[in-house]
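final_6.pdb follows (PDB, C-alpha atoms):
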ATOM      1  CA  MET A   1     -33.524  20.297  32.031
ATOM      2  CA  SER A   2     -33.629  20.798  28.287
ATOM      3  CA  GLU A   3     -30.816  19.508  26.088
ATOM      4  CA  GLU A   4     -29.550  23.062  25.605
ATOM      5  CA  GLN A   5     -29.519  23.663  29.365
ATOM      6  CA  ILE A   6     -27.561  20.443  29.868
ATOM      7  CA  LEU A   7     -25.059  21.442  27.189
ATOM      8  CA  ASP A   8     -24.680  24.866  28.804
ATOM      9  CA  ALA A   9     -24.043  23.262  32.201
ATOM     10  CA  VAL A  10     -21.433  20.896  30.746
ATOM     11  CA  ARG A  11     -19.825  23.750  28.818
ATOM     12  CA  ARG A  12     -19.443  25.741  32.042
ATOM     13  CA  GLN A  13     -17.884  22.789  33.843
ATOM     14  CA  VAL A  14     -15.436  22.140  31.024
ATOM     15  CA  ARG A  15     -14.460  25.797  30.797
ATOM     16  CA  ILE A  16     -13.746  25.879  34.550
ATOM     17  CA  ARG A  17     -11.778  22.627  34.590
ATOM     18  CA  LEU A  18      -9.665  23.574  31.576
ATOM     19  CA  SER A  19      -9.066  27.117  32.791
ATOM     20  CA  GLY A  20      -5.418  27.931  32.306
ATOM     21  CA  GLN A  21      -4.808  24.806  30.251
ATOM     22  CA  GLY A  22      -2.204  25.604  27.644
ATOM     23  CA  ALA A  23      -0.349  23.797  24.877
ATOM     24  CA  GLY A  24      -3.306  23.904  22.502
ATOM     25  CA  HIS A  25      -5.595  21.881  24.768
ATOM     26  CA  GLY A  26      -7.659  24.594  26.412
ATOM     27  CA  PHE A  27     -11.313  25.448  25.949
ATOM     28  CA  ASP A  28     -10.609  27.075  22.593
ATOM     29  CA  HIS A  29      -9.673  23.610  21.313
ATOM     30  CA  ILE A  30     -12.902  22.188  22.730
ATOM     31  CA  HIS A  31     -14.943  24.915  21.037
ATOM     32  CA  ARG A  32     -13.341  24.216  17.655
ATOM     33  CA  VAL A  33     -13.969  20.479  17.983
ATOM     34  CA  VAL A  34     -17.646  21.148  18.724
ATOM     35  CA  VAL A  35     -17.909  23.402  15.652
ATOM     36  CA  ALA A  36     -16.189  20.829  13.418
ATOM     37  CA  ALA A  37     -18.367  18.025  14.821
ATOM     38  CA  ARG A  38     -21.496  20.008  13.953
ATOM     39  CA  GLN A  39     -20.152  20.514  10.429
ATOM     40  CA  ILE A  40     -19.528  16.791   9.957
ATOM     41  CA  HIS A  41     -22.885  15.900  11.538
ATOM     42  CA  ALA A  42     -24.652  18.124   9.008
ATOM     43  CA  ASP A  43     -23.231  15.856   6.301
ATOM     44  CA  VAL A  44     -23.529  12.384   7.864
ATOM     45  CA  GLY A  45     -26.227  12.632  10.555
ATOM     46  CA  GLY A  46     -26.245  11.012  13.993
ATOM     47  CA  ASN A  47     -27.452  12.110  17.439
ATOM     48  CA  LEU A  48     -26.274  15.711  17.686
ATOM     49  CA  PHE A  49     -26.880  15.907  21.448
ATOM     50  CA  VAL A  50     -24.558  12.961  22.139
ATOM     51  CA  ILE A  51     -22.040  14.331  19.632
ATOM     52  CA  GLU A  52     -21.895  17.723  21.341
ATOM     53  CA  LEU A  53     -21.630  16.229  24.830
ATOM     54  CA  ALA A  54     -18.753  13.982  23.765
ATOM     55  CA  ALA A  55     -17.028  16.814  21.900
ATOM     56  CA  LEU A  56     -17.224  19.023  24.986
ATOM     57  CA  LEU A  57     -15.876  16.317  27.281
ATOM     58  CA  HIS A  58     -13.380  14.456  25.102
ATOM     59  CA  ASP A  59     -10.280  16.084  26.671
ATOM     60  CA  ILE A  60     -11.572  16.731  30.175
ATOM     61  CA  GLY A  61      -9.083  14.244  31.670
ATOM     62  CA  ASP A  62      -6.361  14.138  29.018
ATOM     63  CA  ALA A  63      -3.497  11.851  30.074
ATOM     64  CA  LYS A  64      -0.928  14.498  29.110
ATOM     65  CA  PHE A  65      -2.126  16.585  32.035
ATOM     66  CA  ASN A  66      -2.974  13.802  34.486
ATOM     67  CA  ASP A  67       0.394  12.145  35.064
ATOM     68  CA  GLY A  68       0.019   9.939  32.013
ATOM     69  CA  VAL A  69      -3.347   8.516  33.093
ATOM     70  CA  GLU A  70      -6.347   9.040  30.792
ATOM     71  CA  ARG A  71      -9.266  10.146  32.988
ATOM     72  CA  SER A  72     -11.708  11.698  30.497
ATOM     73  CA  GLY A  73     -14.237   8.888  30.874
ATOM     74  CA  GLU A  74     -14.087   9.068  34.662
ATOM     75  CA  PHE A  75     -14.469  12.846  34.753
ATOM     76  CA  SER A  76     -17.219  12.773  32.110
ATOM     77  CA  ARG A  77     -19.263  10.328  34.165
ATOM     78  CA  GLU A  78     -18.772  12.517  37.237
ATOM     79  CA  ILE A  79     -20.005  15.647  35.436
ATOM     80  CA  LEU A  80     -22.888  14.022  33.559
ATOM     81  CA  GLY A  81     -24.041  12.107  36.633
ATOM     82  CA  GLN A  82     -24.982  15.417  38.251
ATOM     83  CA  LEU A  83     -27.375  16.272  35.414
ATOM     84  CA  ASP A  84     -30.779  15.066  34.232
ATOM     85  CA  LEU A  85     -29.509  12.391  31.863
ATOM     86  CA  SER A  86     -30.298   8.726  31.345
ATOM     87  CA  ASP A  87     -27.700   6.075  32.103
ATOM     88  CA  ALA A  88     -27.789   5.128  28.413
ATOM     89  CA  VAL A  89     -26.727   8.600  27.275
ATOM     90  CA  ILE A  90     -24.027   8.834  29.949
ATOM     91  CA  ASP A  91     -22.660   5.400  29.017
ATOM     92  CA  GLU A  92     -22.604   6.311  25.323
ATOM     93  CA  VAL A  93     -20.719   9.557  25.912
ATOM     94  CA  VAL A  94     -18.237   7.879  28.275
ATOM     95  CA  HIS A  95     -17.627   5.109  25.737
ATOM     96  CA  ILE A  96     -16.832   7.719  23.075
ATOM     97  CA  VAL A  97     -14.390   9.756  25.155
ATOM     98  CA  ASP A  98     -12.720   6.558  26.375
ATOM     99  CA  ASN A  99     -12.020   5.304  22.858
ATOM    100  CA  LEU A 100     -11.245   8.165  20.496
ATOM    101  CA  SER A 101      -7.704   9.227  21.362
ATOM    102  CA  PHE A 102      -4.882   8.689  18.879
ATOM    103  CA  ARG A 103      -2.744   6.901  21.458
ATOM    104  CA  LYS A 104      -5.446   4.226  22.017
ATOM    105  CA  ARG A 105      -6.091   3.510  18.336
ATOM    106  CA  GLU A 106      -4.672  -0.039  18.558
ATOM    107  CA  THR A 107      -6.702  -1.066  21.614
ATOM    108  CA  ALA A 108      -9.828   1.096  21.388
ATOM    109  CA  ASP A 109     -13.329  -0.329  21.067
ATOM    110  CA  ALA A 110     -15.234   0.361  17.854
ATOM    111  CA  LEU A 111     -16.902   3.771  17.899
ATOM    112  CA  SER A 112     -20.502   4.574  17.071
ATOM    113  CA  LEU A 113     -21.246   7.016  14.255
ATOM    114  CA  GLU A 114     -21.385   9.747  16.898
ATOM    115  CA  GLY A 115     -17.978   8.713  18.204
ATOM    116  CA  GLN A 116     -16.510   8.603  14.720
ATOM    117  CA  ILE A 117     -17.728  12.156  14.115
ATOM    118  CA  VAL A 118     -16.146  13.479  17.326
ATOM    119  CA  GLN A 119     -12.921  11.609  16.580
ATOM    120  CA  ASP A 120     -12.748  13.147  13.098
ATOM    121  CA  ALA A 121     -13.457  16.610  14.515
ATOM    122  CA  ASP A 122     -10.736  16.220  17.140
ATOM    123  CA  ARG A 123      -8.212  15.053  14.556
ATOM    124  CA  LEU A 124      -9.104  17.916  12.231
ATOM    125  CA  ASP A 125      -8.085  20.382  14.938
ATOM    126  CA  ALA A 126      -4.558  18.955  14.796
ATOM    127  CA  LEU A 127      -4.309  19.937  11.119
ATOM    128  CA  GLY A 128      -4.162  23.141   9.093
ATOM    129  CA  ALA A 129      -3.195  26.554  10.413
ATOM    130  CA  ILE A 130      -4.530  25.696  13.869
ATOM    131  CA  GLY A 131      -2.537  22.460  13.828
ATOM    132  CA  ILE A 132       0.676  24.356  13.104
ATOM    133  CA  VAL A 133       0.046  26.795  15.949
ATOM    134  CA  ARG A 134      -0.864  23.997  18.379
ATOM    135  CA  THR A 135       2.292  22.069  17.491
ATOM    136  CA  ILE A 136       4.462  25.110  18.161
ATOM    137  CA  GLU A 137       2.633  25.873  21.419
ATOM    138  CA  TYR A 138       2.975  22.307  22.676
ATOM    139  CA  GLY A 139       6.649  22.201  21.713
ATOM    140  CA  ALA A 140       7.284  25.419  23.614
ATOM    141  CA  VAL A 141       5.682  23.972  26.747
ATOM    142  CA  LYS A 142       7.722  20.763  26.408
ATOM    143  CA  GLY A 143      10.960  22.586  25.541
ATOM    144  CA  GLN A 144      11.108  21.077  22.061
ATOM    145  CA  PRO A 145      12.154  23.033  18.965
ATOM    146  CA  PHE A 146       9.983  23.265  15.894
ATOM    147  CA  TYR A 147      13.021  22.097  13.940
ATOM    148  CA  ASP A 148      16.665  21.447  14.805
ATOM    149  CA  ALA A 149      18.955  21.159  11.776
ATOM    150  CA  SER A 150      21.652  19.586  13.956
ATOM    151  CA  ASP A 151      19.283  16.790  15.018
ATOM    152  CA  PRO A 152      16.553  16.448  12.376
ATOM    153  CA  GLU A 153      15.390  13.080  13.756
ATOM    154  CA  GLY A 154      15.143  14.315  17.342
ATOM    155  CA  PRO A 155      11.896  15.415  19.019
ATOM    156  CA  SER A 156      10.527  18.455  17.198
ATOM    157  CA  GLY A 157       7.428  19.941  15.674
ATOM    158  CA  VAL A 158       8.457  18.836  12.191
ATOM    159  CA  LYS A 159       9.013  15.275  13.446
ATOM    160  CA  HIS A 160       5.531  15.404  14.997
ATOM    161  CA  PHE A 161       4.110  16.353  11.603
ATOM    162  CA  ASP A 162       5.761  13.321  10.025
ATOM    163  CA  ASP A 163       5.139  10.829  12.833
ATOM    164  CA  LYS A 164       1.514  11.688  13.577
ATOM    165  CA  LEU A 165      -0.188  14.587  11.861
ATOM    166  CA  PHE A 166       0.394  13.502   8.275
ATOM    167  CA  ARG A 167      -1.139  10.124   9.167
ATOM    168  CA  LEU A 168      -4.451  11.572  10.297
ATOM    169  CA  ARG A 169      -6.064  11.986   6.875
ATOM    170  CA  GLU A 170      -5.998   8.241   6.198
ATOM    171  CA  LEU A 171      -7.421   7.562   9.662
ATOM    172  CA  MET A 172     -10.535   9.687   9.196
ATOM    173  CA  ASN A 173     -13.831   7.839   9.554
ATOM    174  CA  THR A 174     -16.052   9.951   7.319
ATOM    175  CA  GLU A 175     -15.754  11.149   3.755
ATOM    176  CA  VAL A 176     -16.261  14.766   4.788
ATOM    177  CA  GLY A 177     -13.571  14.300   7.441
ATOM    178  CA  ARG A 178     -11.127  13.010   4.833
ATOM    179  CA  ARG A 179     -11.942  15.885   2.502
ATOM    180  CA  LEU A 180     -11.415  18.531   5.187
ATOM    181  CA  ALA A 181      -8.270  16.783   6.429
ATOM    182  CA  ALA A 182      -6.800  16.753   2.912
ATOM    183  CA  GLN A 183      -7.361  20.504   2.570
ATOM    184  CA  ARG A 184      -5.732  21.240   5.902
ATOM    185  CA  GLU A 185      -2.855  18.847   5.299
ATOM    186  CA  GLU A 186      -2.087  20.499   1.965
ATOM    187  CA  PHE A 187      -1.797  23.867   3.738
ATOM    188  CA  MET A 188       0.631  22.356   6.253
ATOM    189  CA  ARG A 189       2.790  20.868   3.502
ATOM    190  CA  THR A 190       2.851  24.219   1.709
ATOM    191  CA  PHE A 191       3.930  25.829   4.986
ATOM    192  CA  LEU A 192       6.727  23.284   5.429
ATOM    193  CA  ASN A 193       7.969  23.845   1.894
ATOM    194  CA  GLU A 194       8.140  27.576   2.595
ATOM    195  CA  PHE A 195       9.739  26.994   6.015
ATOM    196  CA  PHE A 196      12.505  24.790   4.638
ATOM    197  CA  GLY A 197      13.015  27.107   1.679
ATOM    198  CA  GLU A 198      13.616  30.028   4.028
ATOM    199  CA  TYR A 199      15.870  27.756   6.080
ATOM    200  CA  GLY A 200      17.962  27.146   2.979
ATOM    201  CA  LEU A 201      17.063  23.464   2.822
ATOM    202  CA  GLN A 202      15.202  21.453   0.226
ATOM    203  CA  ARG A 203      12.238  19.375   1.305
ATOM    204  CA  GLU A 204       9.363  18.514  -0.940
ATOM    205  CA  ALA A 205       6.257  17.987   1.137
ATOM    206  CA  SER A 206       3.634  16.823  -1.308
ATOM    207  CA  ALA A 207       0.203  15.677  -0.194
ATOM    208  CA  ASN A 208       0.807  12.580  -2.313
ATOM    209  CA  ASP A 209       3.681  11.384  -0.109
TER     210      ASP A 209
END

In structure tokens, write the structure found in this file.
Amino acid sequence: MSEEQILDAVRRQVRIRLSGQGAGHGFDHIHRVVVAARQIHADVGGNLFVIELAALLHDIGDAKFNDGVERSGEFSREILGQLDLSDAVIDEVVHIVDNLSFRKRETADALSLEGQIVQDADRLDALGAIGIVRTIEYGAVKGQPFYDASDPEGPSGVKHFDDKLFRLRELMNTEVGRRLAAQREEFMRTFLNEFFGEYGLQREASAND
């Protein structure tokens, strides 16, 4: 099989397995991560085939949808093992998907350049206009408000911005990732300023916070 045929086969498997997946983690998310990874790769290089495989598979066994157990590496090895791929490529892809999630950042192994690119691309999809929509979608699924004036420190979309999303820019691996993250973060802060203004509250959300 050619590399493109392998990518097509993996893409089909991922689309099937994530069918019906909501809360901003469906195949549309995967597609955007692949596109962003290609954009970063064009600037920094690396093995594009490995990058695209890892980008396609990075959420295939997300812990949020597997009873709190991260199974992306396991499922990736299962899918790739059915294709004409070397053990070295499979091991590299599995290592990437096993070590790029935000929740594992304290215990994760160091990522290769390819892994750093996919991690940046995944984090970029949590920012900007798409990031706002995904936050609202996930909150709706979990029964959490975007903002609750009576409990501003309780679980909410705005709290998620502060606790996680506004930390992503400084965690980017590549210069192009940081640049794109800064642009998207600025849009989110502008949105929050408008949101709180319409709410009748004052909140300055500067990118220099």

- Restricting to all atoms listed in the file, whichever of A:Asp125, A:Glu114, A:Glu92, A:Asp84 is closest to A:Gln5 is A:Asp84

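Computed from the coordinates, the atom CA of A:Thr174 to atom CA of A:Ser86 distance equals 28.0 Å.
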
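Here the PyMOL selection byres ((chain A and resi 176) around 10) captures the residues Gln39, Ile40, His41, Ala42, Asp43, Val44, Ile117, Asp120, Met172, Asn173, Thr174, Glu175, Gly177, Arg178, Arg179, Leu180, Ala181 and Ala182 of chain A.
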
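From atom CA of A:Leu53 back to atom CA of A:Arg11, the distance works out to 8.7 Å.
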
- Which residues come within 9 Å of A:Ile79, counting only C-alpha atoms, excluding same-chain residues fewer than 4 positions away, as a ChimeraX atom specification? /A:10,13,74-75,83

- Task: Spell out the residues picked by the PyMOL selection byres ((chain A and resi 147) around 8) here, as JSON, numbers by chain.
- Result: {"A": [145, 146, 148, 149, 152, 156, 157, 158, 159]}

- Task: Fewer than 6 positions away in the same chain doesn't count, so skip those; otherwise give me all residues within 12 Å of A:His31, counting only C-alpha atoms, as JSON, numbers by chain.
- Result: {"A": [11, 12, 14, 15, 18, 24, 25, 37, 38, 52, 53, 54, 55, 56, 57, 58, 59, 121, 122, 125]}

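Here atom CA of A:Gln119 and atom CA of A:Ile60 stand 14.6 Å from one another.
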
- Item | the PyMOL selection byres ((chain A and resi 126) around 12) applied to the shown file, residues as a PyMOL selection string | chain A and resi 23-25+29-30+32-33+36+102+119-125+127-138+160-161+164-169+180-181+184-185+188

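Remark: for A:Phe49, the closest of the candidate residues A:Gly61, A:Gly143, A:Gly73, A:Gly115 is A:Gly115 (distances computed over only C-alpha atoms).
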